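Trainee: So here's entry-v6.cif, just mmCIF, C-alpha atoms; chains and numbers go by the auth columns:
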data_my_file
#
loop_
_atom_site.group_PDB
_atom_site.id
_atom_site.type_symbol
_atom_site.label_atom_id
_atom_site.label_comp_id
_atom_site.label_asym_id
_atom_site.label_seq_id
_atom_site.Cartn_x
_atom_site.Cartn_y
_atom_site.Cartn_z
_atom_site.B_iso_or_equiv
_atom_site.auth_seq_id
_atom_site.auth_asym_id
ATOM 1 C CA MET A 1 189.553 47.593 96.753 0.00 774 T
ATOM 2 C CA GLU A 2 186.371 46.599 94.950 0.00 775 T
ATOM 3 C CA ILE A 3 184.370 43.442 95.441 0.00 776 T
ATOM 4 C CA LEU A 4 181.686 42.491 92.963 0.00 777 T
ATOM 5 C CA LEU A 5 179.276 40.124 94.685 0.00 778 T
ATOM 6 C CA VAL A 6 177.158 38.018 92.336 0.00 779 T
ATOM 7 C CA ARG A 7 174.450 35.666 93.452 0.00 780 T
ATOM 8 C CA HIS A 8 174.130 32.523 91.332 0.00 781 T
ATOM 9 C CA GLY A 9 171.389 32.359 88.700 0.00 782 T
ATOM 10 C CA SER A 10 168.044 30.636 89.195 0.00 783 T
ATOM 11 C CA ALA A 11 168.493 26.959 90.034 0.00 784 T
ATOM 12 C CA SER A 12 166.436 23.809 89.924 0.00 785 T
ATOM 13 C CA TRP A 13 165.157 22.161 93.105 0.00 786 T
ATOM 14 C CA ASP A 14 165.118 18.760 91.396 0.00 787 T
ATOM 15 C CA THR A 15 168.104 17.212 93.224 0.00 788 T
ATOM 16 C CA LYS A 16 168.792 15.266 96.380 0.00 789 T
ATOM 17 C CA THR A 17 171.062 17.878 97.955 0.00 790 T
ATOM 18 C CA ASP A 18 171.363 21.654 97.898 0.00 791 T
ATOM 19 C CA ILE A 19 174.981 21.372 96.751 0.00 792 T
ATOM 20 C CA GLU A 20 173.924 19.576 93.533 0.00 793 T
ATOM 21 C CA ARG A 21 171.342 22.127 92.364 0.00 794 T
ATOM 22 C CA GLU A 22 171.967 23.169 88.751 0.00 795 T
ATOM 23 C CA LEU A 23 171.141 26.342 86.880 0.00 796 T
ATOM 24 C CA THR A 24 167.869 26.294 85.010 0.00 797 T
ATOM 25 C CA LEU A 25 167.647 27.671 81.473 0.00 798 T
ATOM 26 C CA LEU A 26 166.523 30.957 83.040 0.00 799 T
ATOM 27 C CA GLY A 27 169.520 30.842 85.401 0.00 800 T
ATOM 28 C CA GLN A 28 171.858 30.407 82.433 0.00 801 T
ATOM 29 C CA GLN A 29 170.201 33.370 80.691 0.00 802 T
ATOM 30 C CA GLU A 30 170.511 35.485 83.852 0.00 803 T
ATOM 31 C CA ALA A 31 174.214 34.686 84.223 0.00 804 T
ATOM 32 C CA SER A 32 174.833 35.398 80.538 0.00 805 T
ATOM 33 C CA ALA A 33 173.055 38.762 80.802 0.00 806 T
ATOM 34 C CA ALA A 34 175.144 39.599 83.882 0.00 807 T
ATOM 35 C CA ALA A 35 178.345 38.670 82.004 0.00 808 T
ATOM 36 C CA ASP A 36 177.298 40.863 79.074 0.00 809 T
ATOM 37 C CA TRP A 37 176.571 43.825 81.356 0.00 810 T
ATOM 38 C CA ILE A 38 179.833 43.498 83.297 0.00 811 T
ATOM 39 C CA GLY A 39 181.806 43.163 80.057 0.00 812 T
ATOM 40 C CA SER A 40 180.137 46.162 78.444 0.00 813 T
ATOM 41 C CA ASN A 41 181.114 48.280 81.457 0.00 814 T
ATOM 42 C CA GLY A 42 184.769 47.288 81.317 0.00 815 T
ATOM 43 C CA TRP A 43 184.940 45.834 84.825 0.00 816 T
ATOM 44 C CA GLN A 44 187.397 42.946 85.122 0.00 817 T
ATOM 45 C CA PRO A 45 188.443 41.133 88.292 0.00 818 T
ATOM 46 C CA ASP A 46 191.941 40.234 89.367 0.00 819 T
ATOM 47 C CA GLU A 47 190.586 37.030 90.910 0.00 820 T
ATOM 48 C CA LEU A 48 187.392 34.984 90.865 0.00 821 T
ATOM 49 C CA TRP A 49 186.285 33.263 94.077 0.00 822 T
ATOM 50 C CA VAL A 50 183.446 30.768 93.825 0.00 823 T
ATOM 51 C CA SER A 51 181.291 28.672 96.108 0.00 824 T
ATOM 52 C CA PRO A 52 181.735 24.937 95.443 0.00 825 T
ATOM 53 C CA TYR A 53 177.960 24.501 94.990 0.00 826 T
ATOM 54 C CA ARG A 54 177.165 23.457 91.413 0.00 827 T
ATOM 55 C CA ARG A 55 174.897 26.435 90.575 0.00 828 T
ATOM 56 C CA ALA A 56 177.588 28.908 91.689 0.00 829 T
ATOM 57 C CA VAL A 57 180.291 27.097 89.700 0.00 830 T
ATOM 58 C CA GLN A 58 178.051 27.156 86.615 0.00 831 T
ATOM 59 C CA THR A 59 177.291 30.868 87.078 0.00 832 T
ATOM 60 C CA ALA A 60 180.994 31.665 87.504 0.00 833 T
ATOM 61 C CA ALA A 61 181.885 29.761 84.330 0.00 834 T
ATOM 62 C CA ILE A 62 179.442 31.907 82.347 0.00 835 T
ATOM 63 C CA LEU A 63 180.693 35.126 83.950 0.00 836 T
ATOM 64 C CA ASN A 64 184.300 34.097 83.281 0.00 837 T
ATOM 65 C CA ARG A 65 183.816 33.229 79.597 0.00 838 T
ATOM 66 C CA ASP A 66 185.768 36.264 78.331 0.00 839 T
ATOM 67 C CA TRP A 67 188.405 36.564 81.080 0.00 840 T
ATOM 68 C CA GLN A 68 189.310 32.893 81.456 0.00 841 T
ATOM 69 C CA LEU A 69 190.603 33.461 84.981 0.00 842 T
ATOM 70 C CA LYS A 70 191.380 30.494 87.184 0.00 843 T
ATOM 71 C CA SER A 71 188.349 30.130 89.441 0.00 844 T
ATOM 72 C CA ARG A 72 189.271 29.622 93.068 0.00 845 T
ATOM 73 C CA LEU A 73 186.750 27.358 94.771 0.00 846 T
ATOM 74 C CA LYS A 74 186.267 28.516 98.347 0.00 847 T
ATOM 75 C CA SER A 75 184.574 26.004 100.604 0.00 848 T
ATOM 76 C CA SER A 76 183.529 28.776 102.981 0.00 849 T
ATOM 77 C CA LEU A 77 181.440 30.682 100.394 0.00 850 T
ATOM 78 C CA THR A 78 178.297 28.748 101.262 0.00 851 T
ATOM 79 C CA PRO A 79 174.902 30.184 102.204 0.00 852 T
ATOM 80 C CA ASP A 80 175.445 30.038 105.958 0.00 853 T
ATOM 81 C CA THR A 81 179.071 31.150 106.226 0.00 854 T
ATOM 82 C CA PRO A 82 179.491 33.549 109.168 0.00 855 T
ATOM 83 C CA GLN A 83 180.502 37.123 108.345 0.00 856 T
ATOM 84 C CA SER A 84 183.678 36.765 110.416 0.00 857 T
ATOM 85 C CA GLU A 85 184.861 33.862 108.250 0.00 858 T
ATOM 86 C CA LEU A 86 184.211 35.826 105.056 0.00 859 T
ATOM 87 C CA GLU A 87 186.196 38.806 106.375 0.00 860 T
ATOM 88 C CA ALA A 88 189.105 36.574 107.413 0.00 861 T
ATOM 89 C CA MET A 89 189.164 35.103 103.918 0.00 862 T
ATOM 90 C CA LEU A 90 189.076 38.582 102.318 0.00 863 T
ATOM 91 C CA ALA A 91 192.097 39.613 104.379 0.00 864 T
ATOM 92 C CA THR A 92 194.137 37.211 102.219 0.00 865 T
ATOM 93 C CA PHE A 93 193.195 38.954 98.930 0.00 866 T
ATOM 94 C CA ARG A 94 196.027 41.098 97.537 0.00 867 T
ATOM 95 C CA GLY A 95 194.472 42.474 94.339 0.00 868 T
ATOM 96 C CA GLU A 96 192.272 45.481 93.616 0.00 869 T
ATOM 97 C CA ARG A 97 189.180 43.817 92.152 0.00 870 T
ATOM 98 C CA LEU A 98 187.587 40.592 93.335 0.00 871 T
ATOM 99 C CA LEU A 99 184.550 38.803 91.904 0.00 872 T
ATOM 100 C CA VAL A 100 182.730 36.558 94.382 0.00 873 T
ATOM 101 C CA VAL A 101 179.992 34.177 93.198 0.00 874 T
ATOM 102 C CA SER A 102 177.998 32.781 96.078 0.00 875 T
ATOM 103 C CA HIS A 103 174.592 32.589 97.792 0.00 876 T
ATOM 104 C CA ASN A 104 172.074 34.202 100.074 0.00 877 T
ATOM 105 C CA PRO A 105 171.908 34.897 102.930 0.00 878 T
ATOM 106 C CA LEU A 106 175.711 35.287 102.909 0.00 879 T
ATOM 107 C CA LEU A 107 175.857 37.939 100.163 0.00 880 T
ATOM 108 C CA SER A 108 172.865 40.027 101.216 0.00 881 T
ATOM 109 C CA ASN A 109 173.974 40.058 104.831 0.00 882 T
ATOM 110 C CA ALA A 110 177.552 41.007 103.839 0.00 883 T
ATOM 111 C CA ILE A 111 176.262 44.009 101.877 0.00 884 T
ATOM 112 C CA ASP A 112 174.207 45.185 104.811 0.00 885 T
ATOM 113 C CA TYR A 113 177.026 44.626 107.308 0.00 886 T
ATOM 114 C CA TRP A 114 179.722 46.368 105.257 0.00 887 T
ATOM 115 C CA HIS A 115 177.565 49.224 103.993 0.00 888 T
ATOM 116 C CA ASP A 116 175.199 50.044 106.849 0.00 889 T
ATOM 117 C CA GLY A 117 176.965 48.346 109.714 0.00 890 T
ATOM 118 C CA ALA A 118 173.848 46.443 110.665 0.00 891 T
ATOM 119 C CA ASN A 119 174.004 42.848 111.704 0.00 892 T
ATOM 120 C CA LYS A 120 170.583 41.746 110.552 0.00 893 T
ATOM 121 C CA SER A 121 169.076 39.605 107.857 0.00 894 T
ATOM 122 C CA TYR A 122 168.735 41.489 104.579 0.00 895 T
ATOM 123 C CA TRP A 123 167.546 39.881 101.351 0.00 896 T
ATOM 124 C CA GLY A 124 168.485 42.377 98.623 0.00 897 T
ATOM 125 C CA MET A 125 170.163 39.847 96.328 0.00 898 T
ATOM 126 C CA GLN A 126 167.813 37.988 94.015 0.00 899 T
ATOM 127 C CA PRO A 127 169.097 35.278 91.627 0.00 900 T
ATOM 128 C CA ALA A 128 171.825 36.776 89.393 0.00 901 T
ATOM 129 C CA SER A 129 171.818 40.080 91.306 0.00 902 T
ATOM 130 C CA MET A 130 175.123 41.947 91.454 0.00 903 T
ATOM 131 C CA ALA A 131 176.465 44.428 94.003 0.00 904 T
ATOM 132 C CA LEU A 132 179.681 46.427 93.842 0.00 905 T
ATOM 133 C CA ILE A 133 181.206 47.348 97.200 0.00 906 T
ATOM 134 C CA ARG A 134 184.215 49.629 97.518 0.00 907 T
ATOM 135 C CA ALA A 135 186.296 49.808 100.711 0.00 908 T
ATOM 136 C CA GLU A 136 189.808 50.177 102.044 0.00 909 T
ATOM 137 C CA VAL A 137 189.073 47.482 104.636 0.00 910 T
ATOM 138 C CA PHE A 138 186.119 45.125 104.652 0.00 911 T
ATOM 139 C CA ALA A 139 184.752 45.460 108.156 0.00 912 T
ATOM 140 C CA GLN A 140 181.488 46.561 109.750 0.00 913 T
ATOM 141 C CA ALA A 141 180.224 49.846 108.206 0.00 914 T
ATOM 142 C CA CYS A 142 183.502 50.435 106.318 0.00 915 T
ATOM 143 C CA GLY A 143 182.265 49.847 102.771 0.00 916 T
ATOM 144 C CA ASN A 144 180.334 51.840 100.225 0.00 917 T
ATOM 145 C CA LEU A 145 177.642 50.151 98.158 0.00 918 T
ATOM 146 C CA GLU A 146 178.354 51.669 94.731 0.00 919 T
ATOM 147 C CA TRP A 147 175.510 49.869 93.006 0.00 920 T
ATOM 148 C CA LEU A 148 173.061 47.000 93.265 0.00 921 T
ATOM 149 C CA ARG A 149 171.686 45.566 90.031 0.00 922 T
ATOM 150 C CA HIS A 150 169.057 42.940 89.334 0.00 923 T
ATOM 151 C CA TYR A 151 168.106 40.830 86.347 0.00 924 T
ATOM 152 C CA PRO A 152 166.634 41.658 83.838 0.00 925 T
ATOM 153 C CA ASN A 153 167.434 45.394 84.000 0.00 926 T
ATOM 154 C CA TYR A 154 171.081 45.645 84.992 0.00 927 T
ATOM 155 C CA ASP A 155 171.163 49.257 83.822 0.00 928 T
ATOM 156 C CA HIS A 156 168.983 50.303 86.766 0.00 929 T
ATOM 157 C CA ASN A 157 170.838 50.908 90.026 0.00 930 T
ATOM 158 C CA GLY A 158 168.552 49.347 92.629 0.00 931 T
ATOM 159 C CA ARG A 159 170.600 50.716 95.469 0.00 932 T
#
Show this structure as structure tokens.
Mentor:
Amino acid sequence: MEILLVRHGSASWDTKTDIERELTLLGQQEASAAADWIGSNGWQPDELWVSPYRRAVQTAAILNRDWQLKSRLKSSLTPDTPQSELEAMLATFRGERLLVVSHNPLLSNAIDYWHDGANKSYWGMQPASMALIRAEVFAQACGNLEWLRHYPNYDHNGR
């Protein structure tokens, strides 16, 4: 199974709550560049899981422009979701390729936990960063980080 983790694009701080934060113009450009890169490499998900936070929903809509998959809002894809909850949710996925649009520290910590087996804070995902993890089972130290890519140069594997 492959999971493509994508952190939302850059977002404004000009709101009352974190949930309401919207993509900036730069964030929209970042998400569009990510969509272009994914599309040019022929990767397509079976499902799209998205945090309910506005900036993640907006990022997912841009990423999904060519596939037109039904986005599945997952209330537990928030910044502070525990790793155990994420793994329990992944156990319900029955496809081969999953795209998850969410936040830090959840995404960065998941990469570190699945790839290295560490249970520490890791901040490798910048806005609109993408990481592809391959694994038979998503559990501590059972995944392989295939690549880690950052805006604006998605062609460079920052792994």
Trainee: Report as a PyMOL selection string all protein, DNA and RNA residues lying within 8 Å of T:Ser805, evaluated on only C-alpha atoms, omitting residues in the same chain fewer than 4 positions from it.
Mentor: chain T and resi 801+809+835-836
Trainee: Rounded to one decimal, what separation in Å do you get between atom CA of T:Ser902 and atom CA of T:Val830?
Mentor: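 Rounded to one decimal, the two atoms are 15.6 Å apart.
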Trainee: What does the distance between atom CA of T:Ala784 and atom CA of T:Arg845 come to in Å, to one decimal place?
Mentor: 21.2 Å
Trainee: For T:Leu850, work out the shell of residues within 7 Å, counting all atoms listed in the file and skipping chain neighbours fewer than 6 positions away, then give it as an NGL selection string.
Mentor: :T and (823-824 or 875)
Trainee: Contacts of stretch 857-863 of chain T at 8 Å or less, counting only C-alpha atoms, minus same-chain residues fewer than 5 places along, as JSON, numbers by chain?
Mentor: {"T": [849, 850, 911, 912]}
Trainee: Which residues fall under the PyMOL selection byres ((chain T and resi 796) around 6) in this file, as a PDB file with C-alpha atoms, keeping the file's coordinate frame?
Mentor:
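Heads up, here's the output in out.pdb:
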ATOM      1  CA  SER T 783     168.044  30.636  89.195  1.00  0.00           C
ATOM      2  CA  ALA T 784     168.493  26.959  90.034  1.00  0.00           C
ATOM      3  CA  GLU T 795     171.967  23.169  88.751  1.00  0.00           C
ATOM      4  CA  THR T 797     167.869  26.294  85.010  1.00  0.00           C
ATOM      5  CA  GLY T 800     169.520  30.842  85.401  1.00  0.00           C
ATOM      6  CA  ARG T 828     174.897  26.435  90.575  1.00  0.00           C
TER       7      ARG T 828
END
Trainee: Using all atoms listed in the file for the distances, tell me which of T:Trp840, T:Trp822, T:Trp887, T:Tyr927 is nearest to T:Met903.
Mentor: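 Of T:Trp840, T:Trp822, T:Trp887, T:Tyr927, the one nearest T:Met903 is T:Tyr927, counting all atoms listed in the file.
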Trainee: Please write as number ranges by chain the full residue list that the PyMOL selection byres ((chain T and resi 843) around 8) yields on this file.
Mentor: T: 820-821, 841-842, 844-845
Trainee: Could you turn the residues from that selection into a file that holds C-alpha atoms, as an mmCIF file, in the frame of the given file?
Mentor:
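Full text of again_15.cif as output:
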data_model
loop_
_atom_site.group_PDB
_atom_site.id
_atom_site.type_symbol
_atom_site.label_atom_id
_atom_site.label_comp_id
_atom_site.auth_asym_id
_atom_site.auth_seq_id
_atom_site.Cartn_x
_atom_site.Cartn_y
_atom_site.Cartn_z
ATOM 1 C CA GLU T 820 190.586 37.030 90.910
ATOM 2 C CA LEU T 821 187.392 34.984 90.865
ATOM 3 C CA GLN T 841 189.310 32.893 81.456
ATOM 4 C CA LEU T 842 190.603 33.461 84.981
ATOM 5 C CA SER T 844 188.349 30.130 89.441
ATOM 6 C CA ARG T 845 189.271 29.622 93.068
#
Trainee: What does the PyMOL selection byres ((chain T and resi 879-885) around 9) select in this file, as a ChimeraX atom specification?
Mentor: /T:778-780,850-856,859,874-878,886-898,904,906,913-914,916-918
Trainee: Can you work out which one of T:Leu846, T:Ala807, T:Leu871, T:Val910 has the shortest atom-to-atom distance to T:Asn926, counting only C-alpha atoms?
Mentor: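 Selected residue with least distance to T:Asn926: T:Ala807.
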Trainee: List the spatial neighbours of T:Asp791 as a list of chain:residue names - criterion: any atom at most 9 Å away, all atoms listed in the file, same-chain residues fewer than 5 positions off excluded.
Mentor: T:Trp786, T:Tyr826, T:Arg827
Trainee: Of the residues T:Gly931, T:Pro900, T:Ile792, T:Leu872, which is the one nearest to T:Ile776, using all atoms listed in the file?
Mentor: T:Leu872
Trainee: Could you tell me which of T:Asp839, T:Glu869, T:Glu803, T:Glu909 comes closest to T:Arg922 if we count all atoms listed in the file?
Mentor: T:Glu803
